[in-house]
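S.K.: Coordinates in work05.txt, compact mmCIF, C-alpha atoms and all ligand atoms, are listed below.
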```txt
# COMPACT_ATOMS: atom_id res chain seq x y z
CA MET A 1165 -121.49 215.92 -86.30
CA LYS A 1166 -120.23 213.66 -89.07
CA THR A 1167 -117.43 215.13 -91.09
CA ILE A 1168 -113.94 216.30 -90.18
CA LYS A 1169 -115.09 219.83 -90.90
CA ASP A 1170 -117.99 219.54 -88.40
CA ILE A 1171 -115.67 218.17 -85.73
CA ILE A 1172 -113.03 220.85 -86.30
CA LEU A 1173 -115.61 223.62 -85.99
CA TRP A 1174 -117.12 222.10 -82.88
CA GLY A 1175 -113.78 221.42 -81.20
CA ARG A 1176 -112.22 224.79 -81.89
CA ASN A 1177 -115.30 226.60 -80.73
CA PHE A 1178 -115.61 224.46 -77.60
CA LEU A 1179 -111.97 225.04 -76.60
CA LYS A 1180 -112.12 228.73 -77.42
CA ASN A 1181 -115.05 229.09 -75.04
CA LYS A 1182 -113.07 227.24 -72.38
CA GLY A 1183 -110.34 229.86 -72.68
CA VAL A 1184 -107.77 227.57 -74.30
CA GLU A 1185 -105.44 229.89 -76.20
CA SER A 1186 -104.18 227.32 -78.68
CA PHE A 1187 -107.72 226.12 -79.45
CA SER A 1188 -107.19 225.62 -83.21
CA LEU A 1189 -103.87 223.85 -83.03
CA ASP A 1190 -104.97 221.61 -80.16
CA THR A 1191 -108.22 220.59 -81.84
CA ASP A 1192 -106.42 219.72 -85.04
CA LEU A 1193 -103.67 217.82 -83.21
CA ILE A 1194 -106.19 215.72 -81.32
CA ILE A 1195 -108.19 214.89 -84.45
CA SER A 1196 -105.14 214.02 -86.51
CA SER A 1197 -103.74 211.87 -83.74
CA ILE A 1198 -106.96 209.85 -83.33
CA LEU A 1199 -107.29 209.40 -87.08
CA GLY A 1200 -103.62 208.51 -87.34
CA ARG A 1201 -103.16 211.01 -90.19
CA GLU A 1202 -101.10 214.13 -90.76
CA LYS A 1203 -102.81 217.45 -90.03
CA SER A 1204 -102.70 218.25 -93.76
CA PHE A 1205 -105.11 215.36 -94.30
CA LEU A 1206 -107.76 217.19 -92.26
CA TYR A 1207 -107.58 220.27 -94.46
CA ALA A 1208 -107.42 218.31 -97.71
CA HIS A 1209 -110.41 216.10 -96.80
CA PRO A 1210 -112.89 218.16 -94.77
CA GLU A 1211 -115.76 215.93 -95.93
CA PHE A 1212 -114.14 212.72 -94.66
CA GLU A 1213 -116.32 210.91 -92.14
CA PRO A 1214 -114.47 209.33 -89.21
CA SER A 1215 -116.03 206.26 -87.59
CA ASN A 1216 -118.38 206.75 -84.65
CA GLU A 1217 -115.79 205.20 -82.41
CA GLN A 1218 -113.20 207.73 -83.57
CA ILE A 1219 -115.61 210.63 -83.12
CA GLY A 1220 -116.30 209.42 -79.59
CA ARG A 1221 -112.59 209.35 -78.74
CA ILE A 1222 -112.01 212.78 -80.26
CA LYS A 1223 -114.89 214.27 -78.27
CA LYS A 1224 -113.57 212.74 -75.08
CA LEU A 1225 -110.08 214.18 -75.56
CA ILE A 1226 -111.33 217.61 -76.59
CA THR A 1227 -113.54 217.67 -73.52
CA LEU A 1228 -110.55 216.83 -71.32
CA ARG A 1229 -108.53 219.52 -73.08
CA GLY A 1230 -111.36 221.87 -72.09
CA HIS A 1231 -110.65 220.88 -68.50
CA ARG A 1232 -107.14 222.12 -69.22
CA PHE A 1233 -105.28 218.84 -69.38
CA PRO A 1234 -102.09 219.48 -71.40
CA VAL A 1235 -102.10 218.03 -74.91
CA SER A 1236 -98.97 216.04 -74.01
CA TYR A 1237 -100.99 214.04 -71.46
CA LEU A 1238 -103.93 213.49 -73.78
CA LEU A 1239 -101.84 212.29 -76.71
CA ASN A 1240 -99.04 210.74 -74.62
CA SER A 1241 -96.53 212.60 -76.67
CA LYS A 1242 -94.44 215.74 -76.81
CA GLU A 1243 -91.82 216.92 -79.24
CA PHE A 1244 -88.55 218.17 -77.81
CA TYR A 1245 -85.46 219.10 -79.80
CA GLY A 1246 -86.97 217.52 -82.89
CA LEU A 1247 -87.63 214.18 -81.19
CA GLU A 1248 -90.84 212.66 -79.97
CA PHE A 1249 -91.11 211.64 -76.32
CA TYR A 1250 -93.62 209.41 -74.58
CA ILE A 1251 -95.35 211.43 -71.86
CA GLU A 1252 -98.14 210.70 -69.43
CA ARG A 1253 -99.76 212.36 -66.47
CA GLY A 1254 -97.47 212.30 -63.46
CA VAL A 1255 -94.35 213.29 -65.37
CA PHE A 1256 -93.16 216.79 -66.25
CA THR A 1257 -93.69 217.75 -69.91
CA PRO A 1258 -90.51 219.01 -71.59
CA ARG A 1259 -90.74 222.70 -72.50
CA PRO A 1260 -89.39 224.45 -75.59
CA GLU A 1261 -87.39 226.87 -73.38
CA THR A 1262 -85.30 223.94 -72.17
CA GLU A 1263 -83.93 223.53 -75.70
CA ILE A 1264 -81.75 226.58 -74.90
CA LEU A 1265 -80.13 224.70 -72.05
CA VAL A 1266 -79.57 221.64 -74.23
CA SER A 1267 -78.07 223.56 -77.17
CA ASN A 1268 -75.64 225.41 -74.89
CA LEU A 1269 -74.71 222.16 -73.23
CA LEU A 1270 -74.05 220.48 -76.59
CA ASP A 1271 -71.94 223.46 -77.72
CA THR A 1272 -69.83 223.08 -74.60
CA ILE A 1273 -69.39 219.35 -75.14
CA ASN A 1274 -68.30 219.98 -78.74
CA ALA A 1275 -65.89 222.71 -77.74
CA GLU A 1276 -64.30 221.12 -74.66
CA TYR A 1277 -64.63 217.36 -75.01
CA LYS A 1278 -63.93 216.76 -78.68
CA ASN A 1279 -62.72 213.23 -79.32
CA ARG A 1280 -62.79 212.26 -75.67
CA ASN A 1281 -65.30 210.76 -73.34
CA VAL A 1282 -67.53 213.00 -71.32
CA LYS A 1283 -69.50 211.86 -68.29
CA MET A 1284 -72.67 213.69 -67.39
CA PHE A 1285 -75.02 213.60 -64.41
CA GLU A 1286 -78.61 214.81 -64.72
CA ILE A 1287 -80.62 215.70 -61.64
CA GLY A 1288 -84.33 215.19 -62.24
CA LEU A 1289 -84.72 213.10 -65.38
CA GLY A 1290 -88.46 213.54 -65.74
CA SER A 1291 -89.31 212.06 -69.14
CA GLY A 1292 -85.61 211.73 -69.92
CA ALA A 1293 -85.77 214.34 -72.68
CA ILE A 1294 -82.53 216.18 -71.84
CA SER A 1295 -80.43 213.05 -71.36
CA VAL A 1296 -81.80 211.39 -74.49
CA VAL A 1297 -81.09 214.42 -76.67
CA VAL A 1298 -77.58 214.75 -75.26
CA GLY A 1299 -77.00 211.01 -75.63
CA LEU A 1300 -78.04 211.05 -79.28
CA ASN A 1301 -76.14 214.20 -80.19
CA ALA A 1302 -72.97 213.49 -78.25
CA VAL A 1303 -71.89 209.90 -78.95
CA ASN A 1304 -68.90 210.43 -76.63
CA ALA A 1305 -71.22 210.98 -73.64
CA THR A 1306 -72.00 208.53 -70.86
CA ILE A 1307 -74.90 209.72 -68.80
CA TYR A 1308 -76.29 209.00 -65.35
CA GLY A 1309 -79.67 210.49 -64.57
CA CYS A 1310 -81.60 210.43 -61.32
CA ASP A 1311 -85.13 211.10 -60.25
CA VAL A 1312 -87.12 210.52 -57.06
CA SER A 1313 -90.35 209.80 -58.85
CA LYS A 1314 -91.16 206.18 -59.74
CA LYS A 1315 -93.20 207.42 -62.65
CA ALA A 1316 -90.30 209.47 -64.00
CA ILE A 1317 -88.05 206.41 -63.69
CA SER A 1318 -90.40 204.24 -65.72
CA ILE A 1319 -91.16 206.85 -68.37
CA SER A 1320 -87.57 207.95 -68.84
CA LYS A 1321 -86.62 204.30 -69.19
CA LYS A 1322 -89.17 203.95 -71.97
CA ASN A 1323 -87.79 206.97 -73.81
CA ILE A 1324 -84.18 205.90 -73.33
CA LEU A 1325 -84.90 202.42 -74.73
CA ARG A 1326 -86.94 203.85 -77.57
CA TYR A 1327 -83.84 205.69 -78.76
CA ASN A 1328 -81.56 202.70 -78.10
CA LEU A 1329 -79.54 204.49 -75.46
CA GLY A 1330 -79.80 201.81 -72.78
CA ASP A 1331 -76.05 201.25 -72.71
CA ARG A 1332 -75.11 204.95 -72.38
CA VAL A 1333 -77.91 206.54 -70.36
CA HIS A 1334 -78.23 204.98 -66.90
CA ILE A 1335 -81.04 205.63 -64.47
CA ILE A 1336 -80.62 206.06 -60.73
CA ARG A 1337 -83.45 206.45 -58.26
CA SER A 1338 -82.37 209.23 -55.98
CA PHE A 1339 -83.18 212.79 -55.03
CA ASP A 1340 -79.97 214.48 -56.13
CA PHE A 1341 -76.39 213.62 -55.21
CA ASP A 1342 -77.21 211.05 -52.50
CA ALA A 1343 -76.51 208.06 -54.76
CA VAL A 1344 -73.30 209.49 -56.20
CA LYS A 1345 -70.24 207.89 -54.66
CA GLU A 1346 -67.32 209.51 -56.46
CA ALA A 1347 -66.31 212.76 -58.03
CA SER A 1348 -66.31 211.47 -61.56
CA PHE A 1349 -68.45 213.77 -63.65
CA ASP A 1350 -67.49 216.37 -66.25
CA ILE A 1351 -70.92 217.91 -66.51
CA ILE A 1352 -73.85 218.27 -64.15
CA VAL A 1353 -77.16 219.34 -65.63
CA SER A 1354 -80.59 219.95 -64.21
CA ASN A 1355 -83.96 221.43 -65.01
CA PRO A 1356 -84.99 221.46 -61.35
CA PRO A 1357 -88.23 222.67 -59.82
CA TYR A 1358 -87.81 226.43 -59.53
CA LEU A 1359 -91.28 227.93 -59.08
CA SER A 1360 -92.29 229.51 -55.79
CA LEU A 1361 -95.68 228.48 -54.45
CA ASN A 1362 -97.04 231.81 -55.68
CA ASP A 1363 -95.60 231.36 -59.17
CA TYR A 1364 -97.24 227.97 -59.24
CA LEU A 1365 -100.63 229.22 -58.10
CA SER A 1366 -100.63 231.96 -60.71
CA ALA A 1367 -99.40 229.69 -63.53
CA GLU A 1368 -101.63 228.49 -66.36
CA LYS A 1369 -104.19 225.88 -65.33
CA GLU A 1370 -102.34 223.34 -67.50
CA VAL A 1371 -99.22 223.70 -65.37
CA ARG A 1372 -101.22 222.77 -62.29
CA LYS A 1373 -102.03 219.40 -63.89
CA GLU A 1374 -98.33 218.59 -63.76
CA PRO A 1375 -96.45 217.05 -60.83
CA ARG A 1376 -95.88 219.66 -58.13
CA LYS A 1377 -92.61 218.06 -57.11
CA ALA A 1378 -91.17 218.82 -60.54
CA LEU A 1379 -92.24 222.46 -60.37
CA ILE A 1380 -92.21 223.91 -56.88
CA ALA A 1381 -89.21 224.39 -54.62
CA ARG A 1382 -88.81 225.94 -51.19
CA ASP A 1383 -86.88 229.17 -50.68
CA ARG A 1384 -88.87 231.02 -53.39
CA GLY A 1385 -88.09 228.30 -55.88
CA LEU A 1386 -84.34 228.41 -55.24
CA PHE A 1387 -83.83 225.49 -52.87
CA LEU A 1388 -82.62 222.81 -55.29
CA ILE A 1389 -80.78 225.23 -57.57
CA LYS A 1390 -78.77 226.50 -54.61
CA LYS A 1391 -78.06 222.98 -53.42
CA ILE A 1392 -76.68 222.06 -56.85
CA ILE A 1393 -74.51 225.20 -56.86
CA ARG A 1394 -73.19 224.43 -53.35
CA GLU A 1395 -72.58 220.73 -53.76
CA GLY A 1396 -72.10 220.22 -57.49
CA ARG A 1397 -68.39 220.94 -57.63
CA ARG A 1398 -67.65 218.09 -55.20
CA PHE A 1399 -68.85 215.63 -57.81
CA LEU A 1400 -66.84 217.01 -60.70
CA LYS A 1401 -63.77 215.03 -61.71
CA ASN A 1402 -60.64 216.86 -60.51
CA GLN A 1403 -62.89 219.77 -59.52
CA ARG A 1404 -63.14 220.66 -63.18
CA GLY A 1405 -66.18 220.79 -65.43
CA PHE A 1406 -69.46 222.53 -66.06
CA ILE A 1407 -72.77 222.89 -64.28
CA PHE A 1408 -75.86 223.82 -66.31
CA ILE A 1409 -79.06 224.64 -64.45
CA GLU A 1410 -82.34 225.93 -65.82
CA ILE A 1411 -83.62 228.93 -63.85
CA GLY A 1412 -86.64 231.21 -63.81
CA ASP A 1413 -86.66 234.76 -65.11
CA GLY A 1414 -85.59 237.16 -62.37
CA GLN A 1415 -83.59 234.56 -60.42
CA GLY A 1416 -80.29 235.16 -62.23
CA GLU A 1417 -78.73 237.98 -60.23
CA GLU A 1418 -79.30 236.34 -56.85
CA LEU A 1419 -77.93 233.02 -58.10
CA LYS A 1420 -74.89 234.67 -59.61
CA ASN A 1421 -74.11 236.28 -56.26
CA TYR A 1422 -74.81 233.03 -54.46
CA SER A 1423 -72.34 231.23 -56.76
CA LEU A 1424 -69.68 233.87 -56.05
CA LYS A 1425 -69.92 233.09 -52.35
CA PHE A 1426 -68.59 229.64 -53.22
CA GLY A 1427 -65.95 231.04 -55.53
CA LEU A 1428 -67.89 230.10 -58.66
CA GLU A 1429 -68.33 232.27 -61.74
CA ALA A 1430 -71.82 231.90 -63.19
CA GLU A 1431 -73.02 233.08 -66.56
CA ILE A 1432 -76.69 233.79 -67.25
CA ILE A 1433 -78.04 232.71 -70.63
CA LYS A 1434 -81.31 234.15 -71.89
CA ASP A 1435 -83.94 232.42 -74.00
CA TYR A 1436 -85.57 233.60 -77.24
CA ALA A 1437 -88.13 235.57 -75.27
CA ASP A 1438 -85.20 237.43 -73.68
CA LYS A 1439 -85.86 235.80 -70.31
CA GLU A 1440 -83.16 234.50 -67.97
CA ARG A 1441 -83.22 230.77 -68.51
CA VAL A 1442 -79.92 229.03 -67.89
CA LEU A 1443 -77.15 229.33 -65.33
CA LYS A 1444 -73.83 228.07 -66.69
CA ILE A 1445 -71.05 227.59 -64.17
CA SER A 1446 -67.58 226.80 -65.50
CA VAL A 1447 -65.38 225.22 -62.86
CA GLY A 1448 -61.62 225.22 -63.32
CA TYR A 1449 -61.83 226.61 -66.88
N1 LIG A 1501 -90.78 226.88 -66.80
C1 LIG A 1501 -91.64 225.95 -66.16
C2 LIG A 1501 -93.06 226.43 -66.13
O1 LIG A 1501 -93.32 227.59 -66.02
C3 LIG A 1501 -91.15 225.60 -64.78
C4 LIG A 1501 -90.14 224.58 -64.95
C5 LIG A 1501 -89.50 224.10 -63.71
O2 LIG A 1501 -89.89 224.38 -62.57
N2 LIG A 1501 -88.48 223.39 -63.95
O3 LIG A 1501 -93.95 225.64 -66.23
```
Spell out the structure here as structure tokens.
M.R.:
Amino acid sequence: MKTIKDIILWGRNFLKNKGVESFSLDTDLIISSILGREKSFLYAHPEFEPSNEQIGRIKKLITLRGHRFPVSYLLNSKEFYGLEFYIERGVFTPRPETEILVSNLLDTINAEYKNRNVKMFEIGLGSGAISVVVGLNAVNATIYGCDVSKKAISISKKNILRYNLGDRVHIIRSFDFDAVKEASFDIIVSNPPYLSLNDYLSAEKEVRKEPRKALIARDRGLFLIKKIIREGRRFLKNQRGFIFIEIGDGQGEELKNYSLKFGLEAEIIKDYADKERVLKISVGY
């Protein structure tokens, strides 16, 4: 195994046999990342011979990919909303579906908070992807994000500093609202854990390499979502604002009814795969 072509063929075949669906893309991503070149370089120079050291590193990562480690953990990187985020094992990898939540949130900020400051609270920062994207796209936003995980705190900090948002995105170590003292927010947002234990056990093997705390919740996945619905309004300034929560497909109806019990109107937003994905609660609007 000497040339790029040899390595591509070996890697793709190896991952295909391991049942990795995205075997071609993942092989090529790993090779291009180790060589520090664009993917197009691989196809334009199939006869190029990487160094032995590089081949060794590529083989190691492809082998780990075969053990179903997500690419984000192997390459310490994931793209979300057109930006690159630093990721490592122990932190939740941002998902493309969550871009739906972010784009709806940004639309609301543009529509309702034009030319004025908006204060947002995020429950469960993870890598910081949501807060960073909102911070960059809404310059009028001041953001407070919390997480219980030490790892999430350190990784989100890295991503926040990388995008120079240190003065507008603040990190709090807490579970949810416990560190919040006053009702001062306009928007509350969260991509909480919402899988039931069964969902989790039947999820892709890659998902099970991710932190369970970021994925699984009691009460069939609904525990934290319901808590945010129940308690969120108390932290909105003048009991007015918006709550955006990512949800799982099939959870919408129950959560809509649950919201109604507290006098809250919830709207369900679907993703591109036509799955229920976001719960938007407008309070006092
Ligand atoms: N949609 C995610 C998954 O299936 C779950 C995300 C979450 O619990 N917040 O991996």
S.K.: Throw together the list of residues within 6 Å of ligand LIG 1501 (chain A), counting all atoms listed in the file, and drop it here as a PyMOL selection string.
M.R.: chain A and resi 1355-1359+1371+1379
S.K.: Counting only C-alpha atoms, which residue out of A:Leu1270, A:Ile1168, A:Ile1251, A:Ala1367 sits closest to Tyr1237 in chain A?
M.R.: A:Ile1251
S.K.: Determine, counting only C-alpha atoms, which protein, DNA and RNA residues have an atom within 10 Å of an atom of Arg1394 in chain A; residues of the same chain fewer than 2 positions away are not included. Present the result as a PyMOL selection string.
M.R.: chain A and resi 1388-1392+1396-1398+1422-1423+1425-1426+1428
S.K.: With all atoms listed in the file as the basis for distance, which of A:Val1312, A:Ile1198, A:Ile1409, A:Ile1324 is at the shortest distance from Arg1441 in chain A?
M.R.: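 Of A:Val1312, A:Ile1198, A:Ile1409, A:Ile1324, the one nearest Arg1441 in chain A, counting all atoms listed in the file, is A:Ile1409.
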S.K.: Compile a residue-level contact table for range 1185-1247 of chain A against range 1276-1300 of chain A at a cut-off of 8 Å, reporting for every qualifying residue the shortest atom pair and its distance in Å to one decimal, with only C-alpha atoms counted, rows ordered by chain and ascending number, as a Markdown table.
M.R.:
```
| residue | atom | partner | partner_atom | distance |
| --- | --- | --- | --- | --- |
| A:Phe1244 | CA | A:Ala1293 | CA | 7.0 |
| A:Tyr1245 | CA | A:Val1297 | CA | 7.1 |
| A:Leu1247 | CA | A:Val1297 | CA | 8.0 |
```
S.K.: Report the distance between CA of Gly1448 in chain A and CA of Asp1413 in chain A in Å, rounded to one decimal place.
M.R.: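 Result for CA of Gly1448 in chain A versus CA of Asp1413 in chain A: 26.9 Å, one decimal.
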S.K.: Find, counting only C-alpha atoms, the residue in A:Ile1317, A:Leu1386, A:Leu1228, A:Ile1273 that gets nearest to Asp1350 in chain A.
M.R.: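 So, comparing all the options, the nearest one is A:Ile1273.
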S.K.: Please determine, counting all atoms listed in the file, which residue among A:Pro1375, A:Gly1414, A:Gly1330, A:Gly1427 has the shortest atom-to-atom distance to Val1255 in chain A.
M.R.: A:Pro1375
S.K.: Under the rule that all atoms listed in the file are counted, which of A:Leu1189, A:Ile1319, A:Ala1208, A:Ile1171 is the nearest residue to Ser1241 in chain A?
M.R.: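 Residue with the minimum atom-to-atom distance to Ser1241 in chain A: A:Ile1319.
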S.K.: Which neighbours of Glu1185 in chain A fall inside 12 Å, counting all atoms listed in the file, when residues of the same chain fewer than 4 positions from it are skipped, and could you give them as a ChimeraX atom specification?
M.R.: /A:1176-1181,1189-1191,1229-1230,1232,1234,1368-1370
S.K.: Would you mind telling me which residue in A:Pro1214, A:Ser1204, A:Glu1440, A:Leu1225 lies nearest to Gly1175 in chain A when using only C-alpha atoms?
M.R.: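 Of the candidates, the smallest distance to Gly1175 in chain A is held by A:Leu1225.
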S.K.: Using Å and a single decimal, report how far CA of Tyr1308 in chain A sits from CA of His1334 in chain A.
M.R.: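 Between CA of His1334 in chain A and CA of Tyr1308 in chain A the gap is 4.7 Å.
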S.K.: Quick one, how far is CA of Thr1306 in chain A from CA of Gln1403 in chain A?
M.R.: 18.4 Å
S.K.: Would you list the contacts of Lys1169 in chain A as a short mmCIF file (atom, residue, chain, number, x, y, z; two decimals) with C-alpha atoms, in the coordinates of the input, taking every protein, DNA or RNA residue within 7 Å and counting all atoms listed in the file, but skipping same-chain residues closer than 3 positions in sequence?
M.R.:
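Resulting contents of around_21.cif:
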```cif
data_model
loop_
_atom_site.label_atom_id
_atom_site.label_comp_id
_atom_site.auth_asym_id
_atom_site.auth_seq_id
_atom_site.Cartn_x
_atom_site.Cartn_y
_atom_site.Cartn_z
CA ILE A 1172 -113.03 220.85 -86.30
CA LEU A 1173 -115.61 223.62 -85.99
CA PRO A 1210 -112.89 218.16 -94.77
CA GLU A 1211 -115.76 215.93 -95.93
#
```
